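Report on one structure; see the data block that follows.
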Amino acid sequence: MASNNENEQNAIDKLNSNLSSASEKIANNKKIIYWVLGAIVVAAGFVLSYFFIYRNPHLKGAAEAYNQVEITAVGNDSIAAAEYKKVAEKYPHTPAGHLAALEAAEDFYDQGKYKEALECLDKANIDEKVLKANAIILKGDCYVNLKQYDKAINEFKDAVKKGDKNDQIVPRALLKCANVYDEQKKYANALECYEQIKNDYPSFQLGNASIDAYIEREKARLGK
């Protein structure tokens, strides 16, 4: 901390020195000031041009391209995946581009193309919490199908964190985590997941079976 304070103080002293020196020269250097102001105006013009000439039309183009795939490729996963991927690659830094990457990943997953799905998921920078958590779960599902179980566990755990205590997302991620632990014969870890679901999300439904049945199964495997 002392080093940071010294650096900040040196920076302040240097700035004060530069300001003092500059104030002495203002009277003799008015033309320089006018040039600087002119440069600022030109720079501002470039910024405005970026937004009105490039940025806004770029965002609009991305949205239109995404919507076009929605219309033309509906119901055909193979075509949709390829077309969404094109949109994601053409508009990589736009909301529509990120959403297209996620859509492509889902379609590739449905076709059993898990590596391609993972590549698209890496390009899907999603801000919305629920959508982001679901994207992470999908990534975990891809790793499960590729039998990369440790990576799958990491993704499901990340989904639990990113799920922000959502009563559907978090228990679903925990359930998937437990399934992978069972596959690895790590029954104590699986038991922890089931017990967390029971304690923190008692209303979560597992179809016809109750969470207690899963807990008892793990305890039996552990000889409890």
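Residue numbers start at 1 in each chain; chains themselves are named A, B, ... in the order of the structure tokens; ligands are numbered from 1 in the order shown.
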Using backbone DSSP assignments, extract all alpha helix (DSSP H) residues from stretch 86-221 of chain A; output them as a ChimeraX atom specification. /A:86-90,95-110,114-121,129-145,149-162,169-183,187-200,211-221
List the spatial neighbours of A:Ala96 as a ChimeraX atom specification - criterion: any atom at most 12 Å away, only C-alpha atoms, same-chain residues fewer than 5 positions off excluded. /A:58-70,84-91,101-103,123-126
What is the atom CA of A:Lys151-atom CA of A:Tyr214 distance in Å, reported with one decimal?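 Rounded to one decimal, the two atoms are 23.6 Å apart.
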Counting only C-alpha atoms, which residues of stretch 127-180 of chain A sit at most 8 Å from some atom of stretch 202-211 of chain A, and what is each one's closest atom pair with its distance in Å to one decimal, listed by chain and rising residue number, as JSON lines?
```
{"residue": "A:Asp167", "atom": "CA", "partner": "A:Phe204", "partner_atom": "CA", "distance": 7.1}
{"residue": "A:Gln168", "atom": "CA", "partner": "A:Phe204", "partner_atom": "CA", "distance": 7.1}
{"residue": "A:Pro171", "atom": "CA", "partner": "A:Phe204", "partner_atom": "CA", "distance": 7.1}
```
Go ahead and save the residues from that selection, with C-alpha atoms, as a short mmCIF file (atom, residue, chain, number, x, y, z; two decimals), in the first residue's frame.
```
data_model
loop_
_atom_site.label_atom_id
_atom_site.label_comp_id
_atom_site.auth_asym_id
_atom_site.auth_seq_id
_atom_site.Cartn_x
_atom_site.Cartn_y
_atom_site.Cartn_z
CA ASP A 167 -35.02 -22.52 -7.85
CA GLN A 168 -35.02 -24.28 -11.21
CA PRO A 171 -31.12 -27.79 -8.41
#
```
Which residues, written as a PDB file with C-alpha atoms, in the first residue's frame, have at least one atom at most 10 Å from A:Asp110, with only C-alpha atoms counted and residues fewer than 5 positions away on the same chain left out?
```
ATOM      1  CA  ASP A  77     -31.352 -28.276 -36.816  1.00  0.00           C
ATOM      2  CA  SER A  78     -28.557 -28.949 -39.286  1.00  0.00           C
ATOM      3  CA  ALA A  81     -26.801 -24.636 -36.740  1.00  0.00           C
ATOM      4  CA  ALA A 104     -25.978 -22.823 -32.952  1.00  0.00           C
ATOM      5  CA  ALA A 105     -24.578 -24.635 -29.909  1.00  0.00           C
ATOM      6  CA  ALA A 117     -21.366 -27.063 -29.735  1.00  0.00           C
TER       7      ALA A 117
END
```
Have a look at A:Ala135, A:Ala80, A:Leu146, A:Glu128 and name the one nearest to A:Lys115; count only C-alpha atoms.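 Under the stated criterion, the closest residue is A:Leu146.
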I'd like to know which of A:Cys177, A:Leu99, A:Ala213, A:Ile153 is closest to A:Asp127, using only C-alpha atoms.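 Looking at the shortest contact to A:Asp127, the residue is A:Leu99.
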